[in-house]
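Trainee: Sharing a structure, written as structure tokens. Questions coming.
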Amino acid sequence: MKPLIVANWKMNPQTLQEAKELFDGVSEGIKDTKNIEVVICPPFPFIFNLKSNNLNLKLGSQDCFWAESGAYTGEVSSKMLKDLGCQYVILGHSERRRVLGETGEDISKKVQAVLKEKMIPILCIDKVSQLDNVWQKGTIVAFEPLFAIGTGSSCDKADAKKMLMEIKNKIGKKEQILYGGSIDSKNALGYIKEAGFDGLLIGGASLVCEEFIKIVKNI
Ligand code: PGA
């Protein structure tokens, strides 16, 4: 299985021009990398304008709504995302759970909506119990301990490895599990080589073109 590196841009950058520069910069910088899959998840308004001509670089989204269509002001459906070329959708990020009050039930419905469109959900959890009634075959899990998100203090690798084992014991040894939380070019490789994760979900460092390229190239 190729390592999967996912960039979660969150609500950044602020203009399409900057988004294009970052996207194209990453695309150019990783064009010669092999045996690795990179996914960029920009904010919704930029997705339409970002096209990858690099087979290693895919598009994803940071969320989607669970209903197929209808009277849901402000929401975006999985079909819309699929139509714009998204192949992955991050779901259940802790910022959505905490700031926007997303529940396990909401996230479960979103997982189903994404799978229905044959895209791959990336389900973020910080506890194994968050998999209950939500995880389904075909879903990638991202373990993101709350204390490590955006803080600069990533999770101890031995502790992360323990969680990885617990998750694999629950859903299956062959399932793809990512680590996320304060990844940078210095610590990235350790989560894959030492802790055994199948990839990374990267926030802050994915907004710095050179740093993100360095992470991808080091793996
Ligand atoms: P961070 O964010 O890399 O900035 O810690 C990770 C995430 O929230 O997915």
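To be explicit about the labels: the chains of the structure tokens are called A, B, and onward in the order shown, and within each one the residues are counted from 1, while ligands get numbers from 1 in the order they are shown.
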Quick one: everything within 7 Å of Trp66 of chain A, counting only C-alpha atoms, minus sequence neighbours fewer than 2 positions away in the same chain. Send it as a list in words.

Mentor: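 Those residues are Cys64, Glu68, Ser77, Lys109, Lys110 and Ala113 of chain A.
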
Trainee: Keeping N, CA, C and O atoms for every residue in the selection just given, could you write it to a file as a PDB file, in the first residue's frame?

Mentor:
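Saved to selection37.pdb:
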```
ATOM      1  N   CYS A  64     -18.506  17.201   3.682  1.00  0.00           N
ATOM      2  CA  CYS A  64     -19.630  17.282   2.745  1.00  0.00           C
ATOM      3  C   CYS A  64     -20.882  17.043   3.559  1.00  0.00           C
ATOM      4  O   CYS A  64     -20.807  16.595   4.705  1.00  0.00           O
ATOM      5  N   GLU A  68     -28.590  14.119  -0.312  1.00  0.00           N
ATOM      6  CA  GLU A  68     -28.196  14.138  -1.729  1.00  0.00           C
ATOM      7  C   GLU A  68     -28.462  15.490  -2.379  1.00  0.00           C
ATOM      8  O   GLU A  68     -27.719  15.932  -3.242  1.00  0.00           O
ATOM      9  N   SER A  77     -23.113  18.790  -1.425  1.00  0.00           N
ATOM     10  CA  SER A  77     -23.358  17.342  -1.452  1.00  0.00           C
ATOM     11  C   SER A  77     -22.149  16.560  -1.969  1.00  0.00           C
ATOM     12  O   SER A  77     -21.276  17.105  -2.642  1.00  0.00           O
ATOM     13  N   LYS A 109     -23.736   9.402   8.715  1.00  0.00           N
ATOM     14  CA  LYS A 109     -24.534   9.633   7.497  1.00  0.00           C
ATOM     15  C   LYS A 109     -23.645  10.208   6.376  1.00  0.00           C
ATOM     16  O   LYS A 109     -23.825   9.905   5.205  1.00  0.00           O
ATOM     17  N   LYS A 110     -22.683  11.020   6.776  1.00  0.00           N
ATOM     18  CA  LYS A 110     -21.775  11.596   5.782  1.00  0.00           C
ATOM     19  C   LYS A 110     -20.875  10.517   5.173  1.00  0.00           C
ATOM     20  O   LYS A 110     -20.602  10.530   3.967  1.00  0.00           O
ATOM     21  N   ALA A 113     -22.813   8.845   2.590  1.00  0.00           N
ATOM     22  CA  ALA A 113     -23.008   9.686   1.394  1.00  0.00           C
ATOM     23  C   ALA A 113     -21.744   9.690   0.524  1.00  0.00           C
ATOM     24  O   ALA A 113     -21.830   9.663  -0.711  1.00  0.00           O
TER      25      ALA A 113
END
```

Trainee: Neighbouring residues of ligand 1 are defined here as those with any atom at most 8 Å from a ligand atom, counting only C-alpha atoms and all ligand atoms; list them as a list in words.

Mentor: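 Checking only C-alpha atoms and all ligand atoms against ligand 1 at 8 Å gives Ala7, Asn8, Lys10, His93, Ser94, Glu95, Glu144, Ala148, Ile149, Gly150, Thr151, Gly152, Ser154, Gly180, Gly181, Ser182, Ile183, Asp184, Leu201, Ile202, Gly203, Gly204, Ala205 and Ser206 of chain A.
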
Trainee: Please produce a file of the residues just selected, as an mmCIF file, in the first residue's frame, where the atoms kept are N, CA, C and O atoms.

Mentor:
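Okay, out22.cif is ready:
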```
data_model
loop_
_atom_site.group_PDB
_atom_site.id
_atom_site.type_symbol
_atom_site.label_atom_id
_atom_site.label_comp_id
_atom_site.auth_asym_id
_atom_site.auth_seq_id
_atom_site.Cartn_x
_atom_site.Cartn_y
_atom_site.Cartn_z
ATOM 1 N N ALA A 7 -3.242 16.731 2.721
ATOM 2 C CA ALA A 7 -3.109 18.123 3.163
ATOM 3 C C ALA A 7 -4.490 18.667 3.503
ATOM 4 O O ALA A 7 -5.383 18.679 2.659
ATOM 5 N N ASN A 8 -4.653 19.094 4.729
ATOM 6 C CA ASN A 8 -5.900 19.723 5.164
ATOM 7 C C ASN A 8 -5.630 21.223 5.311
ATOM 8 O O ASN A 8 -5.054 21.656 6.302
ATOM 9 N N LYS A 10 -7.654 23.541 5.826
ATOM 10 C CA LYS A 10 -8.625 24.209 6.715
ATOM 11 C C LYS A 10 -9.168 25.474 6.011
ATOM 12 O O LYS A 10 -9.375 25.420 4.808
ATOM 13 N N HIS A 93 -13.652 15.819 11.381
ATOM 14 C CA HIS A 93 -12.477 16.481 11.965
ATOM 15 C C HIS A 93 -12.860 17.046 13.332
ATOM 16 O O HIS A 93 -13.989 17.524 13.519
ATOM 17 N N SER A 94 -11.915 17.035 14.254
ATOM 18 C CA SER A 94 -12.244 17.455 15.625
ATOM 19 C C SER A 94 -12.722 18.903 15.679
ATOM 20 O O SER A 94 -13.524 19.269 16.538
ATOM 21 N N GLU A 95 -12.238 19.732 14.730
ATOM 22 C CA GLU A 95 -12.709 21.122 14.725
ATOM 23 C C GLU A 95 -14.197 21.178 14.366
ATOM 24 O O GLU A 95 -14.936 22.012 14.893
ATOM 25 N N GLU A 144 -6.081 11.470 15.219
ATOM 26 C CA GLU A 144 -5.585 12.821 15.495
ATOM 27 C C GLU A 144 -5.850 13.159 16.958
ATOM 28 O O GLU A 144 -6.962 13.607 17.299
ATOM 29 N N ALA A 148 -2.562 17.378 20.017
ATOM 30 C CA ALA A 148 -1.499 17.520 19.009
ATOM 31 C C ALA A 148 -1.923 18.369 17.817
ATOM 32 O O ALA A 148 -1.098 18.748 16.993
ATOM 33 N N ILE A 149 -3.220 18.681 17.719
ATOM 34 C CA ILE A 149 -3.691 19.390 16.517
ATOM 35 C C ILE A 149 -3.375 20.881 16.602
ATOM 36 O O ILE A 149 -3.874 21.583 17.474
ATOM 37 N N GLY A 150 -2.494 21.303 15.712
ATOM 38 C CA GLY A 150 -2.154 22.719 15.601
ATOM 39 C C GLY A 150 -1.375 23.282 16.779
ATOM 40 O O GLY A 150 -1.301 24.497 16.946
ATOM 41 N N THR A 151 -0.796 22.419 17.593
ATOM 42 C CA THR A 151 -0.126 22.897 18.802
ATOM 43 C C THR A 151 1.393 22.892 18.698
ATOM 44 O O THR A 151 2.077 23.467 19.532
ATOM 45 N N GLY A 152 1.916 22.167 17.730
ATOM 46 C CA GLY A 152 3.372 22.050 17.633
ATOM 47 C C GLY A 152 3.917 20.930 18.506
ATOM 48 O O GLY A 152 5.108 20.639 18.465
ATOM 49 N N SER A 154 3.566 17.151 18.783
ATOM 50 C CA SER A 154 2.977 15.948 18.202
ATOM 51 C C SER A 154 2.951 14.836 19.244
ATOM 52 O O SER A 154 3.630 14.906 20.262
ATOM 53 N N GLY A 180 -2.340 12.201 12.368
ATOM 54 C CA GLY A 180 -2.369 13.649 12.162
ATOM 55 C C GLY A 180 -2.183 14.379 13.471
ATOM 56 O O GLY A 180 -2.647 13.922 14.527
ATOM 57 N N GLY A 181 -1.515 15.536 13.418
ATOM 58 C CA GLY A 181 -1.296 16.364 14.609
ATOM 59 C C GLY A 181 0.138 16.829 14.682
ATOM 60 O O GLY A 181 1.027 16.054 15.007
ATOM 61 N N SER A 182 0.360 18.107 14.291
ATOM 62 C CA SER A 182 1.676 18.746 14.383
ATOM 63 C C SER A 182 2.784 18.003 13.635
ATOM 64 O O SER A 182 3.914 17.892 14.107
ATOM 65 N N ILE A 183 2.417 17.544 12.452
ATOM 66 C CA ILE A 183 3.436 16.926 11.591
ATOM 67 C C ILE A 183 4.263 18.020 10.928
ATOM 68 O O ILE A 183 3.721 19.034 10.478
ATOM 69 N N ASP A 184 5.583 17.799 10.884
ATOM 70 C CA ASP A 184 6.459 18.680 10.109
ATOM 71 C C ASP A 184 7.501 17.823 9.405
ATOM 72 O O ASP A 184 7.470 16.593 9.520
ATOM 73 N N LEU A 201 -2.034 12.993 7.961
ATOM 74 C CA LEU A 201 -2.972 14.087 7.687
ATOM 75 C C LEU A 201 -2.323 15.355 8.243
ATOM 76 O O LEU A 201 -2.022 15.428 9.436
ATOM 77 N N ILE A 202 -2.090 16.313 7.361
ATOM 78 C CA ILE A 202 -1.232 17.449 7.726
ATOM 79 C C ILE A 202 -1.974 18.769 7.587
ATOM 80 O O ILE A 202 -2.505 19.079 6.510
ATOM 81 N N GLY A 203 -1.999 19.546 8.651
ATOM 82 C CA GLY A 203 -2.659 20.850 8.631
ATOM 83 C C GLY A 203 -1.653 21.951 8.324
ATOM 84 O O GLY A 203 -1.300 22.200 7.172
ATOM 85 N N GLY A 204 -1.163 22.612 9.374
ATOM 86 C CA GLY A 204 -0.292 23.787 9.241
ATOM 87 C C GLY A 204 0.831 23.622 8.226
ATOM 88 O O GLY A 204 1.038 24.508 7.374
ATOM 89 N N ALA A 205 1.549 22.513 8.282
ATOM 90 C CA ALA A 205 2.720 22.340 7.411
ATOM 91 C C ALA A 205 2.326 22.169 5.944
ATOM 92 O O ALA A 205 3.170 22.314 5.060
ATOM 93 N N SER A 206 1.038 21.897 5.679
ATOM 94 C CA SER A 206 0.634 21.734 4.278
ATOM 95 C C SER A 206 0.408 23.086 3.598
ATOM 96 O O SER A 206 0.209 23.156 2.388
#
```

Trainee: How many Å lie between atom CA of Gly74 of chain A and atom CA of Ser61 of chain A, rounded to one decimal?

Mentor: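 A separation of 15.2 Å between them.
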
Trainee: Among chain A, which ones does DSSP assign to strand (DSSP E) (computed from the backbone)? Answer as a VMD selection string.

Mentor: chain A and resid 4 to 8 37 to 41 57 to 61 86 to 91 120 to 125 140 to 143 177 to 180 199 to 202

Trainee: Export, as an mmCIF file, in the first residue's frame, the selected residues with N, CA and C atoms.

Mentor:
```
data_model
loop_
_atom_site.group_PDB
_atom_site.id
_atom_site.type_symbol
_atom_site.label_atom_id
_atom_site.label_comp_id
_atom_site.auth_asym_id
_atom_site.auth_seq_id
_atom_site.Cartn_x
_atom_site.Cartn_y
_atom_site.Cartn_z
ATOM 1 N N LEU A 4 -0.087 7.465 2.122
ATOM 2 C CA LEU A 4 -1.031 8.501 1.696
ATOM 3 C C LEU A 4 -0.776 9.765 2.525
ATOM 4 N N ILE A 5 -0.483 10.854 1.850
ATOM 5 C CA ILE A 5 -0.229 12.114 2.552
ATOM 6 C C ILE A 5 -1.363 13.078 2.197
ATOM 7 N N VAL A 6 -2.104 13.493 3.218
ATOM 8 C CA VAL A 6 -3.285 14.334 2.980
ATOM 9 C C VAL A 6 -3.054 15.728 3.558
ATOM 10 N N ALA A 7 -3.242 16.731 2.721
ATOM 11 C CA ALA A 7 -3.109 18.123 3.163
ATOM 12 C C ALA A 7 -4.490 18.667 3.503
ATOM 13 N N ASN A 8 -4.653 19.094 4.729
ATOM 14 C CA ASN A 8 -5.900 19.723 5.164
ATOM 15 C C ASN A 8 -5.630 21.223 5.311
ATOM 16 N N GLU A 37 0.957 8.644 -2.519
ATOM 17 C CA GLU A 37 -0.243 9.328 -3.010
ATOM 18 C C GLU A 37 -0.444 10.585 -2.176
ATOM 19 N N VAL A 38 -0.634 11.709 -2.844
ATOM 20 C CA VAL A 38 -0.810 12.978 -2.137
ATOM 21 C C VAL A 38 -2.204 13.532 -2.471
ATOM 22 N N VAL A 39 -2.886 13.978 -1.437
ATOM 23 C CA VAL A 39 -4.233 14.528 -1.627
ATOM 24 C C VAL A 39 -4.259 15.924 -1.008
ATOM 25 N N ILE A 40 -4.735 16.895 -1.764
ATOM 26 C CA ILE A 40 -4.913 18.233 -1.190
ATOM 27 C C ILE A 40 -6.406 18.494 -1.006
ATOM 28 N N CYS A 41 -6.752 18.923 0.202
ATOM 29 C CA CYS A 41 -8.154 19.229 0.532
ATOM 30 C C CYS A 41 -8.272 20.732 0.783
ATOM 31 N N LEU A 57 -1.046 13.489 -7.512
ATOM 32 C CA LEU A 57 -1.737 14.496 -6.701
ATOM 33 C C LEU A 57 -3.245 14.464 -6.962
ATOM 34 N N LYS A 58 -3.992 14.187 -5.893
ATOM 35 C CA LYS A 58 -5.451 14.075 -6.032
ATOM 36 C C LYS A 58 -6.124 15.215 -5.251
ATOM 37 N N LEU A 59 -7.403 15.405 -5.542
ATOM 38 C CA LEU A 59 -8.169 16.439 -4.834
ATOM 39 C C LEU A 59 -9.107 15.818 -3.809
ATOM 40 N N GLY A 60 -9.242 16.485 -2.700
ATOM 41 C CA GLY A 60 -10.193 16.038 -1.689
ATOM 42 C C GLY A 60 -10.941 17.236 -1.138
ATOM 43 N N SER A 61 -11.893 16.949 -0.260
ATOM 44 C CA SER A 61 -12.668 18.010 0.373
ATOM 45 C C SER A 61 -12.548 17.851 1.895
ATOM 46 N N CYS A 86 -13.206 15.505 -6.902
ATOM 47 C CA CYS A 86 -12.705 15.046 -5.590
ATOM 48 C C CYS A 86 -12.739 13.522 -5.519
ATOM 49 N N GLN A 87 -11.720 12.969 -4.894
ATOM 50 C CA GLN A 87 -11.681 11.513 -4.706
ATOM 51 C C GLN A 87 -11.723 11.136 -3.233
ATOM 52 N N TYR A 88 -11.433 12.091 -2.376
ATOM 53 C CA TYR A 88 -11.411 11.843 -0.929
ATOM 54 C C TYR A 88 -12.223 12.934 -0.226
ATOM 55 N N VAL A 89 -12.779 12.600 0.933
ATOM 56 C CA VAL A 89 -13.469 13.612 1.744
ATOM 57 C C VAL A 89 -13.104 13.396 3.217
ATOM 58 N N ILE A 90 -12.509 14.400 3.815
ATOM 59 C CA ILE A 90 -12.241 14.345 5.263
ATOM 60 C C ILE A 90 -13.579 14.486 5.979
ATOM 61 N N LEU A 91 -13.806 13.643 6.977
ATOM 62 C CA LEU A 91 -15.051 13.733 7.751
ATOM 63 C C LEU A 91 -14.758 13.645 9.240
ATOM 64 N N ILE A 120 -13.569 8.310 -1.200
ATOM 65 C CA ILE A 120 -13.036 7.667 0.004
ATOM 66 C C ILE A 120 -13.147 8.610 1.197
ATOM 67 N N PRO A 121 -13.908 8.224 2.221
ATOM 68 C CA PRO A 121 -13.973 9.061 3.421
ATOM 69 C C PRO A 121 -12.683 8.908 4.227
ATOM 70 N N ILE A 122 -12.203 10.013 4.763
ATOM 71 C CA ILE A 122 -11.076 9.971 5.710
ATOM 72 C C ILE A 122 -11.672 10.383 7.048
ATOM 73 N N LEU A 123 -11.904 9.401 7.887
ATOM 74 C CA LEU A 123 -12.634 9.617 9.134
ATOM 75 C C LEU A 123 -11.657 9.965 10.260
ATOM 76 N N CYS A 124 -11.769 11.193 10.789
ATOM 77 C CA CYS A 124 -10.862 11.631 11.855
ATOM 78 C C CYS A 124 -11.425 11.229 13.218
ATOM 79 N N ILE A 125 -10.565 10.651 14.030
ATOM 80 C CA ILE A 125 -10.989 10.265 15.382
ATOM 81 C C ILE A 125 -9.864 10.592 16.361
ATOM 82 N N ILE A 140 -10.949 5.311 5.294
ATOM 83 C CA ILE A 140 -9.612 5.453 5.891
ATOM 84 C C ILE A 140 -9.782 6.174 7.221
ATOM 85 N N VAL A 141 -9.041 5.743 8.229
ATOM 86 C CA VAL A 141 -9.132 6.393 9.542
ATOM 87 C C VAL A 141 -7.914 7.286 9.744
ATOM 88 N N ALA A 142 -8.130 8.476 10.297
ATOM 89 C CA ALA A 142 -7.003 9.341 10.680
ATOM 90 C C ALA A 142 -7.055 9.522 12.196
ATOM 91 N N PHE A 143 -6.036 9.022 12.873
ATOM 92 C CA PHE A 143 -5.955 9.222 14.325
ATOM 93 C C PHE A 143 -5.312 10.578 14.579
ATOM 94 N N ILE A 177 -4.534 3.430 8.017
ATOM 95 C CA ILE A 177 -4.684 4.359 9.141
ATOM 96 C C ILE A 177 -3.622 5.460 9.035
ATOM 97 N N LEU A 178 -4.081 6.702 9.153
ATOM 98 C CA LEU A 178 -3.171 7.848 9.083
ATOM 99 C C LEU A 178 -2.964 8.424 10.478
ATOM 100 N N TYR A 179 -1.847 9.138 10.637
ATOM 101 C CA TYR A 179 -1.650 9.928 11.865
ATOM 102 C C TYR A 179 -1.750 11.400 11.490
ATOM 103 N N GLY A 180 -2.340 12.201 12.368
ATOM 104 C CA GLY A 180 -2.369 13.649 12.162
ATOM 105 C C GLY A 180 -2.183 14.379 13.471
ATOM 106 N N GLY A 199 0.119 6.595 6.561
ATOM 107 C CA GLY A 199 0.140 7.913 5.946
ATOM 108 C C GLY A 199 -0.100 8.981 6.994
ATOM 109 N N LEU A 200 -0.246 10.222 6.519
ATOM 110 C CA LEU A 200 -0.333 11.375 7.425
ATOM 111 C C LEU A 200 -1.423 12.342 6.983
ATOM 112 N N LEU A 201 -2.034 12.993 7.961
ATOM 113 C CA LEU A 201 -2.972 14.087 7.687
ATOM 114 C C LEU A 201 -2.323 15.355 8.243
ATOM 115 N N ILE A 202 -2.090 16.313 7.361
ATOM 116 C CA ILE A 202 -1.232 17.449 7.726
ATOM 117 C C ILE A 202 -1.974 18.769 7.587
#
```

Trainee: Atom CA of Leu115 of chain A and atom CA of Leu22 of chain A, how far apart in Å?

Mentor: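 Separating atom CA of Leu22 of chain A from atom CA of Leu115 of chain A is a distance of 28.5 Å.
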
Trainee: Between atom CA of Lys193 of chain A and atom CA of Gly92 of chain A, what is the distance, to one decimal in Å?

Mentor: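 Between these atoms lies a distance of 26.3 Å.
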
Trainee: Per DSSP on the backbone, filter segment 33-167 of chain A down to the residues in helix (DSSP H, G or I) and report them as a ChimeraX atom specification.

Mentor: /A:44-47,78-83,94-99,104-116,128-131,146-148,157-167
